[in-house]
$ cat data36.pdb   # PDB, C-alpha atoms, pLDDT in the B column
ATOM      1  CA  GLN A   1      78.895 -11.228 -14.357  1.00 77.00           C
ATOM      2  CA  VAL A   2      76.609 -10.264 -11.497  1.00 85.00           C
ATOM      3  CA  GLN A   3      73.276 -11.858 -10.698  1.00 93.00           C
ATOM      4  CA  LEU A   4      70.755  -9.971  -8.593  1.00 96.00           C
ATOM      5  CA  VAL A   5      67.834 -11.425  -6.648  1.00 97.00           C
ATOM      6  CA  GLU A   6      65.308  -9.166  -4.934  1.00 97.00           C
ATOM      7  CA  SER A   7      63.148 -10.111  -1.968  1.00 97.00           C
ATOM      8  CA  GLY A   8      60.963  -8.468   0.648  1.00 98.00           C
ATOM      9  CA  GLY A   9      58.060  -7.276  -1.437  1.00 97.00           C
ATOM     10  CA  GLY A  10      54.472  -7.762  -0.401  1.00 97.00           C
ATOM     11  CA  LEU A  11      51.168  -6.174   0.506  1.00 98.00           C
ATOM     12  CA  VAL A  12      51.135  -3.365   3.062  1.00 98.00           C
ATOM     13  CA  GLN A  13      48.646  -0.727   4.157  1.00 98.00           C
ATOM     14  CA  ALA A  14      49.231   2.931   3.434  1.00 98.00           C
ATOM     15  CA  GLY A  15      51.518   4.416   6.051  1.00 98.00           C
ATOM     16  CA  GLY A  16      53.283   1.133   6.601  1.00 98.00           C
ATOM     17  CA  SER A  17      56.859   0.045   5.954  1.00 98.00           C
ATOM     18  CA  LEU A  18      58.720  -2.598   3.984  1.00 98.00           C
ATOM     19  CA  ARG A  19      62.380  -3.411   3.493  1.00 98.00           C
ATOM     20  CA  LEU A  20      63.511  -4.748   0.169  1.00 98.00           C
ATOM     21  CA  SER A  21      66.734  -6.688  -0.172  1.00 98.00           C
ATOM     22  CA  CYS A  22      68.817  -7.414  -3.232  1.00 98.00           C
ATOM     23  CA  ALA A  23      71.364 -10.197  -2.955  1.00 97.00           C
ATOM     24  CA  ALA A  24      74.172 -10.168  -5.494  1.00 95.00           C
ATOM     25  CA  SER A  25      76.399 -12.967  -6.658  1.00 92.00           C
ATOM     26  CA  GLY A  26      79.937 -12.378  -7.799  1.00 78.00           C
ATOM     27  CA  ARG A  27      83.102 -11.145  -6.213  1.00 71.00           C
ATOM     28  CA  THR A  28      82.923  -7.689  -7.739  1.00 83.00           C
ATOM     29  CA  PHE A  29      79.745  -6.484  -6.006  1.00 86.00           C
ATOM     30  CA  SER A  30      81.630  -3.900  -3.985  1.00 86.00           C
ATOM     31  CA  SER A  31      82.862  -2.307  -7.215  1.00 89.00           C
ATOM     32  CA  TYR A  32      79.377  -1.597  -8.492  1.00 93.00           C
ATOM     33  CA  ALA A  33      77.063   1.310  -8.002  1.00 95.00           C
ATOM     34  CA  MET A  34      73.617  -0.020  -7.181  1.00 96.00           C
ATOM     35  CA  GLY A  35      70.139   1.297  -7.679  1.00 97.00           C
ATOM     36  CA  TRP A  36      66.475   0.613  -7.187  1.00 98.00           C
ATOM     37  CA  PHE A  37      63.923   1.251  -9.906  1.00 98.00           C
ATOM     38  CA  ARG A  38      60.187   0.632 -10.079  1.00 98.00           C
ATOM     39  CA  GLN A  39      57.543   0.151 -12.719  1.00 98.00           C
ATOM     40  CA  ALA A  40      53.847   0.590 -12.086  1.00 97.00           C
ATOM     41  CA  PRO A  41      51.208  -0.883 -14.436  1.00 92.00           C
ATOM     42  CA  GLY A  42      50.929   1.180 -17.583  1.00 95.00           C
ATOM     43  CA  LYS A  43      53.872   3.376 -16.667  1.00 97.00           C
ATOM     44  CA  GLU A  44      57.518   3.501 -17.619  1.00 97.00           C
ATOM     45  CA  ARG A  45      60.213   2.253 -15.300  1.00 97.00           C
ATOM     46  CA  GLU A  46      61.518   5.027 -13.062  1.00 97.00           C
ATOM     47  CA  PHE A  47      64.536   5.578 -10.880  1.00 97.00           C
ATOM     48  CA  VAL A  48      63.888   5.370  -7.142  1.00 98.00           C
ATOM     49  CA  ALA A  49      67.250   5.453  -5.365  1.00 98.00           C
ATOM     50  CA  GLY A  50      70.946   4.893  -5.988  1.00 97.00           C
ATOM     51  CA  ILE A  51      74.055   4.291  -3.922  1.00 97.00           C
ATOM     52  CA  SER A  52      77.741   4.516  -4.749  1.00 96.00           C
ATOM     53  CA  TRP A  53      80.066   1.521  -4.547  1.00 93.00           C
ATOM     54  CA  SER A  54      81.282   2.561  -1.094  1.00 92.00           C
ATOM     55  CA  GLY A  55      77.889   3.586   0.211  1.00 92.00           C
ATOM     56  CA  GLY A  56      79.171   7.083   0.776  1.00 94.00           C
ATOM     57  CA  ASN A  57      76.814   8.719  -1.694  1.00 96.00           C
ATOM     58  CA  THR A  58      73.101   8.164  -2.063  1.00 98.00           C
ATOM     59  CA  TYR A  59      70.546   9.579  -4.475  1.00 96.00           C
ATOM     60  CA  TYR A  60      66.760   9.650  -4.408  1.00 98.00           C
ATOM     61  CA  ALA A  61      63.850  10.509  -6.636  1.00 98.00           C
ATOM     62  CA  ASP A  62      61.938  13.493  -5.289  1.00 98.00           C
ATOM     63  CA  SER A  63      58.864  11.316  -4.881  1.00 97.00           C
ATOM     64  CA  VAL A  64      60.536   9.123  -2.247  1.00 98.00           C
ATOM     65  CA  LYS A  65      62.987  11.523  -0.612  1.00 98.00           C
ATOM     66  CA  GLY A  66      62.555  11.484   3.152  1.00 98.00           C
ATOM     67  CA  ARG A  67      60.555   8.236   3.090  1.00 98.00           C
ATOM     68  CA  PHE A  68      62.947   5.702   1.511  1.00 98.00           C
ATOM     69  CA  THR A  69      66.517   4.880   2.477  1.00 98.00           C
ATOM     70  CA  ILE A  70      68.979   2.929   0.360  1.00 98.00           C
ATOM     71  CA  SER A  71      71.926   1.202   1.980  1.00 98.00           C
ATOM     72  CA  ARG A  72      74.367  -1.594   1.249  1.00 97.00           C
ATOM     73  CA  ASP A  73      76.446  -4.177   3.061  1.00 96.00           C
ATOM     74  CA  ASN A  74      79.379  -5.119   0.853  1.00 94.00           C
ATOM     75  CA  ALA A  75      80.402  -7.910   3.218  1.00 93.00           C
ATOM     76  CA  LYS A  76      77.025  -9.540   2.564  1.00 94.00           C
ATOM     77  CA  ASN A  77      76.808  -8.567  -1.125  1.00 94.00           C
ATOM     78  CA  THR A  78      73.426  -7.027  -0.405  1.00 96.00           C
ATOM     79  CA  VAL A  79      71.718  -3.718  -1.045  1.00 97.00           C
ATOM     80  CA  TYR A  80      68.589  -2.643   0.800  1.00 98.00           C
ATOM     81  CA  LEU A  81      65.705  -0.274   0.299  1.00 98.00           C
ATOM     82  CA  GLN A  82      63.918   0.687   3.497  1.00 98.00           C
ATOM     83  CA  MET A  83      60.521   2.108   2.597  1.00 98.00           C
ATOM     84  CA  SER A  84      58.436   3.979   5.132  1.00 98.00           C
ATOM     85  CA  SER A  85      55.238   6.036   5.053  1.00 98.00           C
ATOM     86  CA  LEU A  86      54.188   4.057   2.017  1.00 98.00           C
ATOM     87  CA  LYS A  87      51.520   5.435  -0.270  1.00 98.00           C
ATOM     88  CA  PRO A  88      49.239   3.681  -2.777  1.00 97.00           C
ATOM     89  CA  GLU A  89      51.192   5.388  -5.554  1.00 97.00           C
ATOM     90  CA  ASP A  90      54.297   3.473  -4.445  1.00 98.00           C
ATOM     91  CA  THR A  91      52.645   0.308  -5.759  1.00 98.00           C
ATOM     92  CA  ALA A  92      54.909  -1.163  -8.428  1.00 98.00           C
ATOM     93  CA  VAL A  93      57.337  -3.902  -9.275  1.00 98.00           C
ATOM     94  CA  TYR A  94      60.667  -2.904  -7.736  1.00 98.00           C
ATOM     95  CA  TYR A  95      63.901  -3.801  -9.489  1.00 98.00           C
ATOM     96  CA  CYS A  96      67.453  -3.841  -8.239  1.00 98.00           C
ATOM     97  CA  ALA A  97      70.169  -2.845 -10.696  1.00 97.00           C
ATOM     98  CA  GLY A  98      73.948  -2.622 -10.695  1.00 95.00           C
ATOM     99  CA  GLY A  99      76.640  -1.114 -12.854  1.00 92.00           C
ATOM    100  CA  LEU A 100      80.153   0.229 -12.856  1.00 89.00           C
ATOM    101  CA  PRO A 101      80.493   3.797 -11.530  1.00 86.00           C
ATOM    102  CA  GLY A 102      79.866   6.328 -14.258  1.00 84.00           C
ATOM    103  CA  GLY A 103      78.370   3.744 -16.576  1.00 85.00           C
ATOM    104  CA  GLU A 104      75.009   2.239 -17.311  1.00 91.00           C
ATOM    105  CA  TYR A 105      73.137  -0.153 -15.048  1.00 94.00           C
ATOM    106  CA  ASP A 106      74.130  -3.392 -16.763  1.00 92.00           C
ATOM    107  CA  TYR A 107      72.661  -5.948 -14.378  1.00 94.00           C
ATOM    108  CA  TRP A 108      69.047  -6.262 -13.310  1.00 96.00           C
ATOM    109  CA  GLY A 109      67.078  -8.473 -10.961  1.00 97.00           C
ATOM    110  CA  GLN A 110      63.765 -10.100 -11.754  1.00 97.00           C
ATOM    111  CA  GLY A 111      61.760  -7.677  -9.632  1.00 97.00           C
ATOM    112  CA  THR A 112      59.612  -7.913  -6.521  1.00 98.00           C
ATOM    113  CA  GLN A 113      56.013  -6.718  -6.245  1.00 98.00           C
ATOM    114  CA  VAL A 114      55.106  -4.036  -3.721  1.00 98.00           C
ATOM    115  CA  THR A 115      51.419  -3.301  -3.262  1.00 98.00           C
ATOM    116  CA  VAL A 116      50.211  -0.515  -0.969  1.00 98.00           C
ATOM    117  CA  SER A 117      46.524  -0.562  -0.115  1.00 97.00           C
ATOM    118  CA  SER A 118      44.604   2.579   0.823  1.00 94.00           C
TER     119      SER A 118
END

$ encode --input "data36.pdb" --output "structure tokens"
Amino acid sequence: QVQLVESGGGLVQAGGSLRLSCAASGRTFSSYAMGWFRQAPGKEREFVAGISWSGGNTYYADSVKGRFTISRDNAKNTVYLQMSSLKPEDTAVYYCAGGLPGGEYDYWGQGTQVTVSS
């Protein structure tokens, strides 16, 4: 069992930056692929970024490529999402998720709100 807790959300002006963190409990964190998703009001949840268990491979939605960076620190059981050049359309609740490589994302955090003002 893995429990995920996100933090770092908030209100920021367009063009600004935020770093989200996701702290995981459990000894098996380093075995899990991790991802960030987001859901804006009235829209479906969408994939934002993913990272392999070792951190050696990263994946991004086209909408955030070049602006967001996902990383992880397995010694701290934490995954990060550095967000730069934020746009109002990045406004959403951001969720951290984890799962075994090649499988589904089985574990989800409670979400953290990111609001980008124009």

$ resolve_selection --input "data36.pdb" --expression "the PyMOL selection byres ((chain A and resi 69-73) around 10)" --output "PyMOL selection string"
chain A and resi 19-23+29-30+34-36+48-60+64-68+74-84

$ resolve_selection --input "data36.pdb" --expression "the PyMOL selection byres ((chain A and resi 15) around 10)" --output "ChimeraX atom specification"
/A:12-14,16-17,83-88,116-118

$ write_last_selection --input "data36.pdb" --atoms "C-alpha atoms" --output "tab-separated table (two decimals), in the coordinates of the input"
chain	number	residue	atom	x	y	z
A	12	VAL	CA	51.14	-3.36	3.06
A	13	GLN	CA	48.65	-0.73	4.16
A	14	ALA	CA	49.23	2.93	3.43
A	16	GLY	CA	53.28	1.13	6.60
A	17	SER	CA	56.86	0.04	5.95
A	83	MET	CA	60.52	2.11	2.60
A	84	SER	CA	58.44	3.98	5.13
A	85	SER	CA	55.24	6.04	5.05
A	86	LEU	CA	54.19	4.06	2.02
A	87	LYS	CA	51.52	5.44	-0.27
A	88	PRO	CA	49.24	3.68	-2.78
A	116	VAL	CA	50.21	-0.52	-0.97
A	117	SER	CA	46.52	-0.56	-0.12
A	118	SER	CA	44.60	2.58	0.82

$ atom_distance --input "data36.pdb" --atom1 "atom CA of A:Leu4" --atom2 "atom CA of A:Gly98"
8.3 Å

$ closest_residue --input "data36.pdb" --among "A:Leu18, A:Ala40, A:Val5, A:Ala24" --to "A:Gly109" --atoms "only C-alpha atoms"
A:Val5

$ axis_aligned_box --input "data36.pdb" --around "stretch 31-50 of chain A" --padding-each-side "8 Å" --output "AutoDock Vina command-line options"
--center_x 66.9 --center_y 1.6 --center_z -11.5 --size_x 47.9 --size_y 23.9 --size_z 28.3

$ atom_distance --input "data36.pdb" --atom1 "atom CA of A:Leu11" --atom2 "atom CA of A:Asp62"
23.2 Å

$ resolve_selection --input "data36.pdb" --expression "the PyMOL selection byres ((chain A and resi 95) around 7)" --output "list in words"
Trp36, Phe37, Arg38, Val93, Tyr94, Cys96, Ala97, Trp108, Gly109, Gln110, Gly111 and Thr112 of chain A

$ closest_residue --input "data36.pdb" --among "A:Gly42, A:Thr91, A:Gly10, A:Tyr107" --to "A:Ser25" --atoms "all atoms listed in the file"
A:Tyr107

$ atom_distance --input "data36.pdb" --atom1 "atom CA of A:Glu44" --atom2 "atom CA of A:Gly103"
20.9 Å

$ closest_residue --input "data36.pdb" --among "A:Gly9, A:Gly26, A:Glu104, A:Gln1" --to "A:Ala92" --atoms "only C-alpha atoms"
A:Gly9
